[in-house]
Amino acid sequence: MSSRIPIVPENTEPLPRLRENEGMLSWVASVDHKQIGIMYLICCMVFFLIGGLEALLIRIQLAQPEFGFLSPEVYNQMFTMHGTTMIFFVVMPFLIGVGVYLVPLMIGARDMAFPRLNALSFWLFVFGGILIYYSFLTQSGAPDVGWFAYSPLSEKPFSLNKGPTYWALGLLATGIGSVASGLNNVVTILTMRTPGMTMRRLPLFVWMILVTSFLLIFVIPIITSAFAMMLLDRLLGATFFTPAHGGSAILWQHFFWGFGHPEVYILILPAFGIISEVIPVFSRKPIYGYEFVAGSTVAIGLLSLGVWVHHMFAVGLGDVTNLYFSFASMLIAIPTGVKVLNWVATMWGGKIIFATPMLFATAFIIEFVIGGLTGVAIASVPIDWVVTDSYFIVAHFHYALFGGSLFAIFAGVYYWFPKFTGRMMSETLGKWHFWLTVIGFNLTFFIQHFLGMMGMPRRTYTYHDFPYWGSMNLISTIGAIVLAVSVLVFVWNILQSLKRGEKAGGNPWNAWTLEWATTSPPAVHNFDLVPPVRGRRPLWDLAHPDMPDEPDAKVV
Ligand code: HEM
Ligand SMILES: [Cu+2]
């Protein structure tokens, strides 16, 4: 019966009452994954502008030695809020939001498994963000103890202001939402795939969201418990993390990094997923080594749970401990290298189209490799002892998080904007945005490797006029200004394209995964008909029935 065209029958049950409201209320009260996804993206953009402004203020303060642009107190609040914002309110929810929008479409489902839980996750994220930013309005200002809030500094006797309390409460709320997102994704991906969408045919972005979701479920509770203990210490006089009263300050570090290291994989795995979707489409080739890309993600997810002490080499936990964690950290380079190899092999010999998404994806590979290489270097204990808490570390993680995660997010926005809105983004403005970002980013952060090796500590309000420090910091600040301009171009591109962008049609990039099989933007119910899935590239199979991806695939 292979001539039968197996179309999944349209589900004719009445829809759960989606979009029963009009106007603003239709958004605020929405349980539709696409509207919730869009709301995530809008909120993240707002937080990105705020976090970027904080970064700019930091960089202006550091533009020259002994500068007094910010007070030391405000400086501490700025780097704390900048780090916290970028990690918890920009990159993480951006990736979760893109996932919420795309996962159901990519697996041919109508919505997430638990639409109301999905809305709850989103609103907890908004609530947490507002709570943390509200602290600016209190008399003593925002949290100022760094994004990892080490005890005992963050404990009551050393931080009498309310900032750290708001910080813990806000992140606690957001974290509960993230666990719910993780559960929602896992159930959705495991149970709601359209017939034929086996795990081996799952789009790689969905694979990476799946692994990320398991990480969310396993590691957010670690930090949630630590937040609860910190709040007990601060509000009710408990002493979990105060050594003076029998508590342990190092315990906080174990909790924080037990969560914190997997967290950086929560920030990068979905980014790998975006790259793994963009590169094949713009190289006009199927991904090279699908099994290895998916399998290495699982390996990275597992390994990431057992390396947290590389953030604590300077604590002095002993040689055996340090040796184990050093070795385990270096192991992660293997599955990561496998991915890079697969992306490059996908591009190799392909008919590469350097549209804006592909430009960002290509730059991602180069910059992420730089961040990865410095990462392997500081996984070596003696090297880490030299550069820990210096600007070398700031350079390292910005290459991973900005040159990596954020570049992937930009690639993803340019790639899926037509699906989200029905309109193309401007390629001209896109190229301006790309080049300004590449130049600004590398100008800001590359030189910080050297500043760090010359001894400039991170989280430093100002510095003496040592040879070259002033001019090197000035270069970094000029880079940050270029980045600020690039962000304006990006925002302008979004606004212009929303109004005047070319109409996109269903599948403007000639891509192969299911989200492109429906209209742009998709109807409330996503698909009228889900195309048959008989391989990894269902839309390719539909267009080329004579040379399908899996020639002997059975019709389901
Ligand atoms: C928009 C351009 C950005 C600039 C110019 C910038 C600049 C900086 C600077 C100068 C510091 C060091 C402050 C200090 O140690 O005194 C810093 C810290 C930090 N940044 Fe960024 N950054 C940017 C984007 C990002 C992004 C996209 C992320 C994450 C996804 C990020 C995450 C962090 C974190 C976690 C810290 C550490 C904060 C702390 O020490 O508690 N930054 N940033
Ligand atoms: Cu780590």
# chains A, B, ... in the order shown; residues from 1 in each chain; ligands from 1
>>> residues_around(residues="Trp469 of chain A", least_positions_apart="4", cutoff="9 Å", atoms="only C-alpha atoms", output="PDB file with N, CA and C atoms, in the first residue's frame")
ATOM      1  N   GLN A  64      38.641  54.567  31.602  1.00  0.00           N
ATOM      2  CA  GLN A  64      39.975  55.085  31.936  1.00  0.00           C
ATOM      3  C   GLN A  64      40.278  54.868  33.409  1.00  0.00           C
ATOM      4  N   PRO A  65      41.575  54.878  33.757  1.00  0.00           N
ATOM      5  CA  PRO A  65      41.948  54.603  35.143  1.00  0.00           C
ATOM      6  C   PRO A  65      41.391  55.649  36.095  1.00  0.00           C
ATOM      7  N   LEU A 451      44.265  41.547  29.352  1.00  0.00           N
ATOM      8  CA  LEU A 451      44.114  42.303  30.604  1.00  0.00           C
ATOM      9  C   LEU A 451      44.129  41.350  31.799  1.00  0.00           C
ATOM     10  N   MET A 454      47.488  40.078  32.476  1.00  0.00           N
ATOM     11  CA  MET A 454      48.326  41.127  33.076  1.00  0.00           C
ATOM     12  C   MET A 454      47.896  41.424  34.510  1.00  0.00           C
ATOM     13  N   MET A 456      44.549  42.112  35.742  1.00  0.00           N
ATOM     14  CA  MET A 456      43.385  42.930  36.088  1.00  0.00           C
ATOM     15  C   MET A 456      42.289  42.041  36.671  1.00  0.00           C
ATOM     16  N   TYR A 463      40.894  51.019  38.477  1.00  0.00           N
ATOM     17  CA  TYR A 463      42.254  50.449  38.492  1.00  0.00           C
ATOM     18  C   TYR A 463      43.249  51.587  38.393  1.00  0.00           C
ATOM     19  N   HIS A 464      44.482  51.280  38.828  1.00  0.00           N
ATOM     20  CA  HIS A 464      45.544  52.287  38.729  1.00  0.00           C
ATOM     21  C   HIS A 464      45.998  52.413  37.295  1.00  0.00           C
ATOM     22  N   ASP A 465      46.767  53.466  37.048  1.00  0.00           N
ATOM     23  CA  ASP A 465      47.221  53.725  35.690  1.00  0.00           C
ATOM     24  C   ASP A 465      48.473  52.903  35.375  1.00  0.00           C
ATOM     25  N   ASN A 473      41.716  49.010  28.197  1.00  0.00           N
ATOM     26  CA  ASN A 473      40.326  49.124  28.663  1.00  0.00           C
ATOM     27  C   ASN A 473      39.516  50.054  27.774  1.00  0.00           C
ATOM     28  N   LEU A 474      40.178  51.093  27.266  1.00  0.00           N
ATOM     29  CA  LEU A 474      39.456  52.019  26.390  1.00  0.00           C
ATOM     30  C   LEU A 474      39.013  51.287  25.120  1.00  0.00           C
TER      31      LEU A 474
END
>>> closest_atom_pairs(of="chain A", to="ligand 2", cutoff="9 Å", atoms="only C-alpha atoms and all ligand atoms", output="JSON lines")
{"residue": "A:Trp257", "atom": "CA", "partner": "ligand 2", "partner_atom_place_in_ligand_line": "1 (Cu)", "distance": 7.2}
{"residue": "A:Gly258", "atom": "CA", "partner": "ligand 2", "partner_atom_place_in_ligand_line": "1 (Cu)", "distance": 8.9}
{"residue": "A:Gly260", "atom": "CA", "partner": "ligand 2", "partner_atom_place_in_ligand_line": "1 (Cu)", "distance": 6.8}
{"residue": "A:His261", "atom": "CA", "partner": "ligand 2", "partner_atom_place_in_ligand_line": "1 (Cu)", "distance": 3.9}
{"residue": "A:Pro262", "atom": "CA", "partner": "ligand 2", "partner_atom_place_in_ligand_line": "1 (Cu)", "distance": 7.2}
{"residue": "A:Glu263", "atom": "CA", "partner": "ligand 2", "partner_atom_place_in_ligand_line": "1 (Cu)", "distance": 8.4}
{"residue": "A:Val264", "atom": "CA", "partner": "ligand 2", "partner_atom_place_in_ligand_line": "1 (Cu)", "distance": 6.9}
{"residue": "A:Tyr265", "atom": "CA", "partner": "ligand 2", "partner_atom_place_in_ligand_line": "1 (Cu)", "distance": 8.7}
{"residue": "A:Ser304", "atom": "CA", "partner": "ligand 2", "partner_atom_place_in_ligand_line": "1 (Cu)", "distance": 7.8}
{"residue": "A:Val307", "atom": "CA", "partner": "ligand 2", "partner_atom_place_in_ligand_line": "1 (Cu)", "distance": 6.6}
{"residue": "A:Trp308", "atom": "CA", "partner": "ligand 2", "partner_atom_place_in_ligand_line": "1 (Cu)", "distance": 5.4}
{"residue": "A:Val309", "atom": "CA", "partner": "ligand 2", "partner_atom_place_in_ligand_line": "1 (Cu)", "distance": 7.7}
{"residue": "A:His310", "atom": "CA", "partner": "ligand 2", "partner_atom_place_in_ligand_line": "1 (Cu)", "distance": 6.1}
{"residue": "A:His311", "atom": "CA", "partner": "ligand 2", "partner_atom_place_in_ligand_line": "1 (Cu)", "distance": 5.9}
{"residue": "A:Ser329", "atom": "CA", "partner": "ligand 2", "partner_atom_place_in_ligand_line": "1 (Cu)", "distance": 7.9}
{"residue": "A:Gly375", "atom": "CA", "partner": "ligand 2", "partner_atom_place_in_ligand_line": "1 (Cu)", "distance": 8.8}
{"residue": "A:Ala379", "atom": "CA", "partner": "ligand 2", "partner_atom_place_in_ligand_line": "1 (Cu)", "distance": 8.9}
>>> closest_residue(among="A:Ser276, A:Ser283, A:Ser178, A:Ser121", to="Thr297 of chain A", atoms="only C-alpha atoms")
A:Ser276
>>> closest_residue(among="A:Leu183, A:Ile87, A:Cys43, A:Val487", to="ligand 1", atoms="only C-alpha atoms and all ligand atoms")
A:Ile87
>>> closest_residue(among="A:Met39, A:Met78, A:Ile189, A:Val489", to="Leu56 of chain A", atoms="only C-alpha atoms")
A:Met78
>>> residues_around(residues="Phe256 of chain A", least_positions_apart="3", cutoff="9 Å", atoms="only C-alpha atoms", output="ChimeraX atom specification")
/A:148-150,222-223,226,251-253,259-261,308
>>> write_last_selection(atoms="all heavy atoms", output="short mmCIF file (atom, residue, chain, number, x, y, z; two decimals), in the first residue's frame")
data_model
loop_
_atom_site.label_atom_id
_atom_site.label_comp_id
_atom_site.auth_asym_id
_atom_site.auth_seq_id
_atom_site.Cartn_x
_atom_site.Cartn_y
_atom_site.Cartn_z
N PHE A 148 26.77 35.10 41.52
CA PHE A 148 26.73 33.84 42.26
C PHE A 148 26.64 34.05 43.77
O PHE A 148 26.72 33.10 44.53
CB PHE A 148 27.82 32.85 41.87
CG PHE A 148 29.17 33.41 41.57
CD1 PHE A 148 29.97 33.90 42.59
CD2 PHE A 148 29.66 33.42 40.26
CE1 PHE A 148 31.23 34.39 42.31
CE2 PHE A 148 30.93 33.92 39.98
CZ PHE A 148 31.71 34.41 41.01
N ALA A 149 26.47 35.29 44.20
CA ALA A 149 26.05 35.59 45.57
C ALA A 149 26.73 34.74 46.64
O ALA A 149 26.07 34.15 47.49
CB ALA A 149 24.52 35.43 45.69
N TYR A 150 28.07 34.70 46.59
CA TYR A 150 28.80 33.86 47.55
C TYR A 150 28.47 34.23 48.98
O TYR A 150 28.42 35.40 49.35
CB TYR A 150 30.31 34.00 47.33
CG TYR A 150 30.87 33.08 46.26
CD1 TYR A 150 32.21 33.10 45.94
CD2 TYR A 150 30.05 32.19 45.57
CE1 TYR A 150 32.73 32.27 44.95
CE2 TYR A 150 30.56 31.37 44.59
CZ TYR A 150 31.89 31.41 44.28
OH TYR A 150 32.41 30.58 43.31
N ILE A 222 18.31 22.05 42.92
CA ILE A 222 19.48 22.24 43.79
C ILE A 222 19.54 23.70 44.23
O ILE A 222 19.66 24.02 45.42
CB ILE A 222 20.79 21.90 43.05
CG1 ILE A 222 20.75 20.47 42.50
CG2 ILE A 222 21.99 22.12 43.96
CD1 ILE A 222 21.98 20.12 41.67
N ILE A 223 19.41 24.60 43.26
CA ILE A 223 19.57 26.02 43.60
C ILE A 223 18.32 26.53 44.31
O ILE A 223 18.40 27.41 45.17
CB ILE A 223 19.93 26.84 42.33
CG1 ILE A 223 20.48 28.22 42.73
CG2 ILE A 223 18.77 27.03 41.41
CD1 ILE A 223 21.80 28.18 43.40
N ALA A 226 18.86 25.85 47.79
CA ALA A 226 19.86 26.77 48.33
C ALA A 226 19.26 28.17 48.55
O ALA A 226 19.56 28.83 49.54
CB ALA A 226 21.07 26.84 47.41
N LEU A 251 29.55 25.28 51.44
CA LEU A 251 28.34 24.54 51.05
C LEU A 251 27.54 25.32 50.00
O LEU A 251 27.05 24.76 49.02
CB LEU A 251 27.48 24.30 52.30
CG LEU A 251 26.23 23.44 52.08
CD1 LEU A 251 26.63 22.03 51.66
CD2 LEU A 251 25.39 23.39 53.37
N TRP A 252 27.44 26.63 50.20
CA TRP A 252 26.75 27.46 49.19
C TRP A 252 27.40 27.30 47.83
O TRP A 252 26.74 27.15 46.81
CB TRP A 252 26.72 28.94 49.61
CG TRP A 252 26.27 29.81 48.48
CD1 TRP A 252 27.05 30.44 47.56
CD2 TRP A 252 24.91 30.09 48.10
NE1 TRP A 252 26.29 31.11 46.64
CE2 TRP A 252 24.97 30.91 46.94
CE3 TRP A 252 23.66 29.74 48.62
CZ2 TRP A 252 23.82 31.39 46.31
CZ3 TRP A 252 22.53 30.22 47.98
CH2 TRP A 252 22.60 31.03 46.85
N GLN A 253 28.74 27.33 47.82
CA GLN A 253 29.44 27.22 46.53
C GLN A 253 29.13 25.87 45.86
O GLN A 253 28.94 25.82 44.65
CB GLN A 253 30.95 27.35 46.72
CG GLN A 253 31.37 28.75 47.13
CD GLN A 253 32.86 28.99 46.92
OE1 GLN A 253 33.50 28.32 46.10
NE2 GLN A 253 33.41 29.94 47.65
N PHE A 259 24.40 23.51 40.55
CA PHE A 259 23.43 24.02 39.60
C PHE A 259 24.13 24.78 38.46
O PHE A 259 23.84 24.60 37.29
CB PHE A 259 22.45 24.95 40.32
CG PHE A 259 21.95 26.09 39.48
CD1 PHE A 259 20.92 25.91 38.57
CD2 PHE A 259 22.54 27.35 39.58
CE1 PHE A 259 20.49 26.97 37.77
CE2 PHE A 259 22.11 28.40 38.78
CZ PHE A 259 21.08 28.21 37.88
N GLY A 260 25.10 25.65 38.86
CA GLY A 260 25.64 26.65 37.94
C GLY A 260 26.35 26.08 36.74
O GLY A 260 26.23 26.60 35.63
N HIS A 261 27.10 24.99 36.92
CA HIS A 261 27.75 24.47 35.71
C HIS A 261 26.75 23.86 34.73
O HIS A 261 26.76 24.24 33.56
CB HIS A 261 28.92 23.53 35.96
CG HIS A 261 29.55 23.21 34.66
ND1 HIS A 261 30.42 24.06 34.03
CD2 HIS A 261 29.28 22.23 33.77
CE1 HIS A 261 30.69 23.59 32.82
NE2 HIS A 261 30.02 22.48 32.63
N TRP A 308 31.31 20.45 38.55
CA TRP A 308 31.10 21.80 39.10
C TRP A 308 32.29 22.37 39.87
O TRP A 308 32.45 23.58 39.96
CB TRP A 308 29.84 21.82 39.96
CG TRP A 308 29.99 21.15 41.30
CD1 TRP A 308 30.31 21.79 42.46
CD2 TRP A 308 29.80 19.77 41.61
NE1 TRP A 308 30.34 20.87 43.49
CE2 TRP A 308 30.03 19.62 42.99
CE3 TRP A 308 29.46 18.64 40.87
CZ2 TRP A 308 29.94 18.39 43.64
CZ3 TRP A 308 29.37 17.42 41.52
CH2 TRP A 308 29.61 17.29 42.87
#
